>>> print(open('entry-v5.cif').read())   # mmCIF, C-alpha atoms
data_my_file
#
loop_
_atom_site.group_PDB
_atom_site.id
_atom_site.type_symbol
_atom_site.label_atom_id
_atom_site.label_comp_id
_atom_site.auth_asym_id
_atom_site.auth_seq_id
_atom_site.Cartn_x
_atom_site.Cartn_y
_atom_site.Cartn_z
ATOM 1 C CA ARG A 1 0.000 0.000 0.000
ATOM 2 C CA ILE A 2 2.794 2.414 0.903
ATOM 3 C CA ARG A 3 4.759 1.619 -2.244
ATOM 4 C CA ARG A 4 1.655 2.244 -4.379
ATOM 5 C CA PHE A 5 1.239 5.607 -2.653
ATOM 6 C CA PHE A 6 4.773 6.694 -3.446
ATOM 7 C CA SER A 7 4.582 5.489 -7.040
ATOM 8 C CA SER A 8 1.549 7.679 -7.710
ATOM 9 C CA SER A 9 1.961 10.486 -5.203
ATOM 10 C CA PRO A 10 2.734 14.056 -6.308
ATOM 11 C CA TYR A 11 5.143 14.279 -3.339
ATOM 12 C CA THR A 12 7.700 12.286 -5.314
ATOM 13 C CA SER A 13 8.352 15.475 -7.281
ATOM 14 C CA PHE A 14 10.258 16.762 -4.218
ATOM 15 C CA ASN A 15 13.010 14.211 -4.989
ATOM 16 C CA TYR A 16 12.280 12.099 -1.931
ATOM 17 C CA ILE A 17 13.502 8.547 -2.440
ATOM 18 C CA SER A 18 10.639 6.214 -1.638
ATOM 19 C CA ASN A 19 12.950 3.426 -0.403
ATOM 20 C CA SER A 20 14.514 5.815 2.136
ATOM 21 C CA ILE A 21 11.110 6.842 3.438
ATOM 22 C CA LEU A 22 10.034 3.207 3.638
ATOM 23 C CA ALA A 23 13.175 2.445 5.641
ATOM 24 C CA TYR A 24 12.367 5.181 8.157
ATOM 25 C CA LEU A 25 8.788 3.958 8.435
ATOM 26 C CA ASN A 26 10.214 0.640 9.649
ATOM 27 C CA THR A 27 12.066 2.275 12.550
ATOM 28 C CA PRO A 28 10.674 2.068 16.115
ATOM 29 C CA MET A 29 9.425 5.656 15.799
ATOM 30 C CA PHE A 30 6.505 4.430 13.702
ATOM 31 C CA MET A 31 3.921 1.715 14.123
ATOM 32 C CA ARG A 32 1.313 0.018 11.965
ATOM 33 C CA ASP A 33 -2.194 -0.688 13.160
ATOM 34 C CA GLU A 34 -4.255 -3.736 12.274
ATOM 35 C CA TYR A 35 -5.334 -2.050 9.033
ATOM 36 C CA GLY A 36 -1.780 -1.394 7.887
ATOM 37 C CA ILE A 37 -1.977 2.346 8.574
ATOM 38 C CA VAL A 38 1.380 3.826 9.642
ATOM 39 C CA ARG A 39 1.538 6.485 12.341
ATOM 40 C CA VAL A 40 3.952 7.825 14.924
ATOM 41 C CA SER A 41 4.324 5.611 17.998
ATOM 42 C CA ASP A 42 3.097 7.058 21.276
ATOM 43 C CA ALA A 43 3.332 6.294 24.988
ATOM 44 C CA ASP A 44 0.184 4.174 24.862
ATOM 45 C CA ASN A 45 1.720 1.792 22.354
ATOM 46 C CA CYS A 46 4.803 -0.200 23.250
ATOM 47 C CA VAL A 47 7.582 -0.378 20.699
ATOM 48 C CA HIS A 48 8.167 -4.016 19.790
ATOM 49 C CA VAL A 49 11.663 -4.895 18.581
ATOM 50 C CA THR A 50 12.900 -8.426 18.056
ATOM 51 C CA THR A 51 15.970 -9.009 20.233
ATOM 52 C CA ASP A 52 16.874 -12.708 20.205
ATOM 53 C CA ILE A 53 20.452 -12.731 21.440
ATOM 54 C CA ASN A 54 20.796 -16.451 20.745
ATOM 55 C CA LYS A 55 20.629 -15.626 17.038
ATOM 56 C CA SER A 56 22.677 -12.423 17.218
ATOM 57 C CA SER A 57 25.997 -12.576 15.408
ATOM 58 C CA ALA A 58 29.161 -12.398 17.541
ATOM 59 C CA CYS A 59 27.221 -12.653 20.840
ATOM 60 C CA TYR A 60 28.191 -15.510 23.164
ATOM 61 C CA PHE A 61 27.616 -16.739 26.706
ATOM 62 C CA SER A 62 30.628 -16.756 29.010
ATOM 63 C CA ASP A 63 31.539 -19.218 31.765
ATOM 64 C CA GLU A 64 30.807 -16.362 34.194
ATOM 65 C CA GLY A 65 27.143 -16.498 33.208
ATOM 66 C CA ILE A 66 27.136 -13.230 31.257
ATOM 67 C CA TRP A 67 26.824 -12.297 27.587
ATOM 68 C CA ILE A 68 29.780 -11.005 25.597
ATOM 69 C CA TRP A 69 30.048 -9.422 22.145
ATOM 70 C CA ARG A 70 33.074 -9.709 19.838
ATOM 71 C CA ILE A 71 34.303 -6.801 17.724
ATOM 72 C CA LYS A 72 37.052 -7.122 15.125
ATOM 73 C CA ILE A 73 39.151 -3.991 15.330
ATOM 74 C CA ASP A 74 39.405 -2.073 12.069
ATOM 75 C CA GLU A 75 40.666 1.315 10.948
ATOM 76 C CA ASP A 76 37.382 3.057 11.806
ATOM 77 C CA ILE A 77 37.402 1.789 15.390
ATOM 78 C CA MET A 78 41.092 2.657 15.777
ATOM 79 C CA ARG A 79 40.400 6.291 14.899
ATOM 80 C CA GLY A 80 37.446 6.516 17.279
ATOM 81 C CA SER A 81 34.367 5.953 15.136
ATOM 82 C CA GLY A 82 31.249 4.457 16.662
ATOM 83 C CA ARG A 83 29.849 1.097 15.653
ATOM 84 C CA SER A 84 26.420 -0.486 15.349
ATOM 85 C CA ILE A 85 25.792 -3.048 18.072
ATOM 86 C CA PRO A 86 23.340 -5.971 18.101
ATOM 87 C CA ASN A 87 20.061 -4.758 19.571
ATOM 88 C CA ALA A 88 19.871 -7.816 21.796
ATOM 89 C CA PHE A 89 23.287 -7.065 23.279
ATOM 90 C CA ALA A 90 22.359 -3.409 23.774
ATOM 91 C CA LYS A 91 19.522 -4.652 25.982
ATOM 92 C CA GLN A 92 21.976 -6.782 27.951
ATOM 93 C CA LEU A 93 23.958 -3.604 28.614
ATOM 94 C CA GLY A 94 20.814 -1.872 29.874
ATOM 95 C CA CYS A 95 19.874 0.243 26.847
ATOM 96 C CA GLU A 96 16.271 0.137 25.640
ATOM 97 C CA VAL A 97 14.924 1.403 22.337
ATOM 98 C CA GLY A 98 14.635 5.184 22.282
ATOM 99 C CA LYS A 99 17.233 5.624 25.048
ATOM 100 C CA THR A 100 20.821 6.839 25.405
ATOM 101 C CA ILE A 101 22.956 5.684 28.342
ATOM 102 C CA GLU A 102 26.548 5.956 29.542
ATOM 103 C CA LEU A 103 28.456 2.712 30.071
ATOM 104 C CA ILE A 104 30.842 2.961 33.018
ATOM 105 C CA THR A 105 34.237 1.335 32.439
ATOM 106 C CA ASP A 106 37.747 1.532 33.874
ATOM 107 C CA PHE A 107 38.650 3.529 30.758
ATOM 108 C CA GLY A 108 35.946 6.169 31.116
ATOM 109 C CA ALA A 109 32.316 6.447 30.056
ATOM 110 C CA ILE A 110 31.165 5.140 26.667
ATOM 111 C CA THR A 111 27.918 6.275 25.054
ATOM 112 C CA LEU A 112 25.378 3.664 23.995
ATOM 113 C CA SER A 113 22.299 4.871 22.111
ATOM 114 C CA TRP A 114 19.275 3.369 20.423
ATOM 115 C CA PRO A 115 17.399 6.215 18.667
ATOM 116 C CA LEU A 116 13.780 5.757 17.680
ATOM 117 C CA THR A 117 14.679 7.043 14.220
ATOM 118 C CA SER A 118 17.647 4.724 13.661
ATOM 119 C CA THR A 119 17.375 2.418 10.665
ATOM 120 C CA ILE A 120 20.241 0.238 11.964
ATOM 121 C CA GLY A 121 19.244 -0.036 15.611
ATOM 122 C CA ALA A 122 21.562 0.543 18.565
ATOM 123 C CA SER A 123 25.095 1.926 18.303
ATOM 124 C CA ILE A 124 28.063 2.290 20.640
ATOM 125 C CA GLY A 125 30.388 5.295 20.766
ATOM 126 C CA SER A 126 34.165 5.473 20.488
ATOM 127 C CA LEU A 127 36.174 2.604 21.979
ATOM 128 C CA ARG A 128 39.546 4.201 21.293
ATOM 129 C CA GLN A 129 40.237 4.869 24.982
ATOM 130 C CA VAL A 130 39.691 1.164 25.694
ATOM 131 C CA LEU A 131 42.079 0.011 22.961
ATOM 132 C CA LYS A 132 44.981 2.276 23.880
ATOM 133 C CA PRO A 133 46.188 0.394 27.012
ATOM 134 C CA TYR A 134 46.148 -2.861 25.030
ATOM 135 C CA THR A 135 48.308 -1.393 22.233
ATOM 136 C CA ALA A 136 45.714 -2.753 19.830
ATOM 137 C CA SER A 137 46.253 -3.137 16.093
ATOM 138 C CA GLN A 138 43.914 -3.656 13.181
ATOM 139 C CA GLY A 139 42.713 -7.245 13.078
ATOM 140 C CA ASP A 140 42.820 -7.736 16.865
ATOM 141 C CA TYR A 141 39.613 -8.521 18.756
ATOM 142 C CA LEU A 142 37.831 -6.817 21.621
ATOM 143 C CA PHE A 143 35.089 -8.549 23.597
ATOM 144 C CA ILE A 144 32.660 -6.371 25.539
ATOM 145 C CA LYS A 145 31.294 -8.106 28.635
ATOM 146 C CA ALA A 146 27.830 -7.195 29.895
ATOM 147 C CA THR A 147 29.004 -6.970 33.493
ATOM 148 C CA ARG A 148 27.323 -4.746 36.089
ATOM 149 C CA PRO A 149 27.745 -2.110 37.349
ATOM 150 C CA ASN A 150 30.944 -1.590 35.340
ATOM 151 C CA VAL A 151 31.292 -2.964 31.826
ATOM 152 C CA THR A 152 34.524 -4.930 31.360
ATOM 153 C CA PHE A 153 36.496 -6.260 28.388
ATOM 154 C CA ILE A 154 38.565 -9.134 27.010
ATOM 155 C CA PHE A 155 41.315 -8.390 24.503
ATOM 156 C CA LEU A 156 42.569 -10.954 21.988
ATOM 157 C CA LYS A 157 45.549 -10.453 19.665
ATOM 158 C CA LYS A 158 45.077 -11.638 16.089
ATOM 159 C CA ASP A 159 48.565 -13.210 16.250
ATOM 160 C CA ARG A 160 47.388 -15.643 18.911
ATOM 161 C CA VAL A 161 44.474 -16.758 16.748
ATOM 162 C CA GLU A 162 46.579 -17.048 13.592
ATOM 163 C CA ALA A 163 49.304 -18.995 15.403
ATOM 164 C CA GLU A 164 46.874 -21.644 16.684
ATOM 165 C CA ASN A 165 47.037 -24.884 14.681
ATOM 166 C CA LEU A 166 43.970 -26.601 16.135
ATOM 167 C CA ASN A 167 40.758 -25.248 14.614
ATOM 168 C CA LEU A 168 38.650 -25.995 17.701
ATOM 169 C CA ILE A 169 40.963 -23.951 19.921
ATOM 170 C CA LYS A 170 40.952 -21.182 17.312
ATOM 171 C CA LEU A 171 37.129 -21.252 17.337
ATOM 172 C CA ALA A 172 36.987 -21.208 21.136
ATOM 173 C CA LEU A 173 39.263 -18.142 21.175
ATOM 174 C CA LEU A 174 36.969 -16.327 18.749
ATOM 175 C CA LEU A 175 33.992 -17.180 20.973
ATOM 176 C CA GLY A 176 35.673 -15.473 23.910
ATOM 177 C CA CYS A 177 37.146 -18.553 25.619
ATOM 178 C CA THR A 178 40.615 -17.064 25.776
ATOM 179 C CA SER A 179 41.891 -19.241 28.617
ATOM 180 C CA CYS A 180 41.557 -22.593 26.830
ATOM 181 C CA GLY A 181 44.756 -24.431 25.987
ATOM 182 C CA THR A 182 43.645 -27.927 25.024
ATOM 183 C CA GLU A 183 41.085 -29.340 22.633
ATOM 184 C CA GLU A 184 39.019 -30.685 25.542
ATOM 185 C CA GLU A 185 38.898 -27.228 27.144
ATOM 186 C CA ALA A 186 38.023 -25.723 23.763
ATOM 187 C CA ILE A 187 35.057 -28.077 23.283
ATOM 188 C CA LEU A 188 33.689 -27.246 26.737
ATOM 189 C CA GLY A 189 34.206 -23.544 26.020
ATOM 190 C CA ILE A 190 32.370 -23.823 22.691
ATOM 191 C CA ALA A 191 29.475 -25.617 24.406
ATOM 192 C CA THR A 192 29.234 -22.855 27.014
ATOM 193 C CA ALA A 193 29.548 -19.984 24.537
ATOM 194 C CA LEU A 194 26.788 -21.334 22.299
ATOM 195 C CA SER A 195 24.600 -22.806 25.075
ATOM 196 C CA VAL A 196 24.956 -26.345 23.726
ATOM 197 C CA ASP A 197 24.013 -29.414 25.741
ATOM 198 C CA ARG A 198 27.168 -31.141 26.976
ATOM 199 C CA GLN A 199 26.774 -34.697 25.760
ATOM 200 C CA THR A 200 29.235 -36.369 23.400
ATOM 201 C CA LYS A 201 31.952 -34.483 21.534
ATOM 202 C CA GLU A 202 30.195 -35.208 18.240
ATOM 203 C CA SER A 203 26.815 -33.961 19.442
ATOM 204 C CA ILE A 204 28.337 -30.784 20.895
ATOM 205 C CA LEU A 205 30.116 -29.953 17.666
ATOM 206 C CA THR A 206 27.119 -30.801 15.481
ATOM 207 C CA GLU A 207 24.846 -28.494 17.460
ATOM 208 C CA ALA A 208 27.525 -25.809 17.716
ATOM 209 C CA ARG A 209 27.891 -25.815 13.942
ATOM 210 C CA GLN A 210 24.132 -25.393 13.501
ATOM 211 C CA LYS A 211 24.008 -22.532 15.985
ATOM 212 C CA LEU A 212 26.858 -20.680 14.306
ATOM 213 C CA ILE A 213 25.087 -20.972 10.963
ATOM 214 C CA SER A 214 21.879 -19.621 12.532
ATOM 215 C CA LYS A 215 23.933 -16.649 13.754
ATOM 216 C CA THR A 216 25.095 -16.093 10.133
ATOM 217 C CA GLU A 217 28.644 -17.051 11.126
ATOM 218 C CA ALA A 218 29.298 -19.714 8.519
ATOM 219 C CA ASP A 219 33.005 -18.832 8.482
ATOM 220 C CA LEU A 220 33.295 -19.897 12.121
ATOM 221 C CA ALA A 221 31.130 -22.952 11.519
ATOM 222 C CA GLU A 222 33.702 -24.116 8.965
ATOM 223 C CA LEU A 223 36.263 -24.412 11.775
ATOM 224 C CA ILE A 224 34.283 -27.434 12.977
ATOM 225 C CA GLN A 225 35.009 -30.531 10.943
ATOM 226 C CA ARG A 226 31.887 -32.152 9.585
ATOM 227 C CA PRO A 227 31.212 -35.302 11.616
ATOM 228 C CA ARG A 228 31.597 -38.655 9.870
ATOM 229 C CA LEU A 229 28.343 -40.275 10.866
ATOM 230 C CA SER A 230 26.294 -43.035 9.383
ATOM 231 C CA VAL A 231 22.944 -42.209 7.799
ATOM 232 C CA ASP A 232 21.199 -43.246 11.014
ATOM 233 C CA GLY A 233 23.649 -41.123 12.981
ATOM 234 C CA TYR A 234 22.867 -38.060 10.912
ATOM 235 C CA ILE A 235 19.134 -38.623 11.340
ATOM 236 C CA ASN A 236 19.505 -38.988 15.099
ATOM 237 C CA GLU A 237 21.649 -35.861 15.434
ATOM 238 C CA MET A 238 19.348 -33.742 13.267
ATOM 239 C CA SER A 239 16.209 -34.940 15.049
ATOM 240 C CA ARG A 240 17.786 -34.056 18.404
ATOM 241 C CA LEU A 241 18.415 -30.481 17.227
ATOM 242 C CA PHE A 242 14.714 -29.941 16.506
ATOM 243 C CA LYS A 243 13.367 -31.308 19.771
#
>>> encode(input="entry-v5.cif", output="structure tokens")
Amino acid sequence: RIRRFFSSSPYTSFNYISNSILAYLNTPMFMRDEYGIVRVSDADNCVHVTTDINKSSACYFSDEGIWIWRIKIDEDIMRGSGRSIPNAFAKQLGCEVGKTIELITDFGAITLSWPLTSTIGASIGSLRQVLKPYTASQGDYLFIKATRPNVTFIFLKKDRVEAENLNLIKLALLLGCTSCGTEEEAILGIATALSVDRQTKESILTEARQKLISKTEADLAELIQRPRLSVDGYINEMSRLFK
């Protein structure tokens, strides 16, 4: 209905791009009623935003019982630019849609905002003051931990990841399990990070692979070798995942 309006409306003569307007209409600032009519949200109508952290990319559960989010450090972050942050993780840090808060850290306050008009959701401010004490370089990793009252961090050098020969340990490192040193510790860390039932090694890795794919992290899923199961074994493993 909205697209038909823009295709025939005289307002298109003002050089408004209909796709841009449609994008803004899908922000939390607006709502649709049961008839499909779009209007500005108000206090009497809650803003509903899907925030399933289990399916959020780069968000993992730590052995401390808290959520963490991995950021790969690039040139923009090094120079102090902000970064979009998974909405689900923003909620873990205490920021709701339409709000702006200050995260308290040992490196100073960091702004976290989730504007009603944002087409990308929540965003976090400059992390440059956090990176400086770690002498971070491009390609390193920073994990933000949703600890209270102060937010804390884990830093991981890219050299450590690249130097690791065992793919499961490499995967565990990228999931925030930076203390693992053996394959057994890595498997337990992977199970914790992805909230996988701890049964056999094969079942843990099969479910972990599926969860990484559901998080759109196929590159990490490829670090898990495909299990060599019989046909019956595959059927049993797949049926267990959908229980």
>>> atom_distance(input="entry-v5.cif", atom1="atom CA of A:Ala186", atom2="atom CA of A:Leu142")
19.0 Å
>>> closest_atom_pairs(input="entry-v5.cif", of="stretch 96-154 of chain A", to="stretch 59-78 of chain A", cutoff="10 Å", atoms="only C-alpha atoms", output="CSV")
residue,atom,partner,partner_atom,distance
A:Gly125,CA,A:Ile77,CA,9.5
A:Ser126,CA,A:Ile77,CA,7.1
A:Leu127,CA,A:Ile77,CA,6.8
A:Arg128,CA,A:Met78,CA,5.9
A:Gln129,CA,A:Met78,CA,9.5
A:Leu131,CA,A:Met78,CA,7.7
A:Lys132,CA,A:Met78,CA,9.0
A:Ala136,CA,A:Ile73,CA,8.1
A:Ser137,CA,A:Ile73,CA,7.2
A:Gln138,CA,A:Asp74,CA,4.9
A:Gly139,CA,A:Ile73,CA,5.3
A:Asp140,CA,A:Ile73,CA,5.5
A:Tyr141,CA,A:Lys72,CA,4.7
A:Leu142,CA,A:Ile71,CA,5.3
A:Phe143,CA,A:Arg70,CA,4.4
A:Ile144,CA,A:Trp69,CA,5.3
A:Lys145,CA,A:Ile68,CA,4.5
A:Ala146,CA,A:Trp67,CA,5.7
A:Thr147,CA,A:Ile66,CA,6.9
A:Arg148,CA,A:Ile66,CA,9.8
A:Thr152,CA,A:Ile68,CA,9.6
A:Phe153,CA,A:Ile68,CA,8.7
A:Ile154,CA,A:Arg70,CA,9.1
>>> resolve_selection(input="entry-v5.cif", expression="the PyMOL selection byres ((chain A and resi 174) around 9)", output="ChimeraX atom specification")
/A:58,70,141,156,161,169-173,175-178,220
>>> resolve_selection(input="entry-v5.cif", expression="the PyMOL selection byres ((chain A and resi 100) around 7)", output="list of chain:residue names")
A:Cys95, A:Lys99, A:Ile101, A:Leu112, A:Ser113, A:Trp114
>>> atom_distance(input="entry-v5.cif", atom1="atom CA of A:Ser123", atom2="atom CA of A:Val97")
11.0 Å
>>> residues_near_point(input="entry-v5.cif", point="(25.5, -21.8, 19.8)", cutoff="6 Å", atoms="only C-alpha atoms", output="PyMOL selection string")
chain A and resi 194-195+208+211-212
>>> atom_distance(input="entry-v5.cif", atom1="atom CA of A:Leu168", atom2="atom CA of A:Ser56")
21.0 Å
>>> closest_residue(input="entry-v5.cif", among="A:Glu162, A:Asn150, A:Gly98, A:Phe155", to="A:Tyr134", atoms="all atoms listed in the file")
A:Phe155
>>> resolve_selection(input="entry-v5.cif", expression="the PyMOL selection byres ((chain A and resi 103) around 8)", output="list in words")
Leu93, Ile101, Glu102, Ile104, Thr105, Ala109, Ile110, Thr111, Leu112, Asn150 and Val151 of chain A
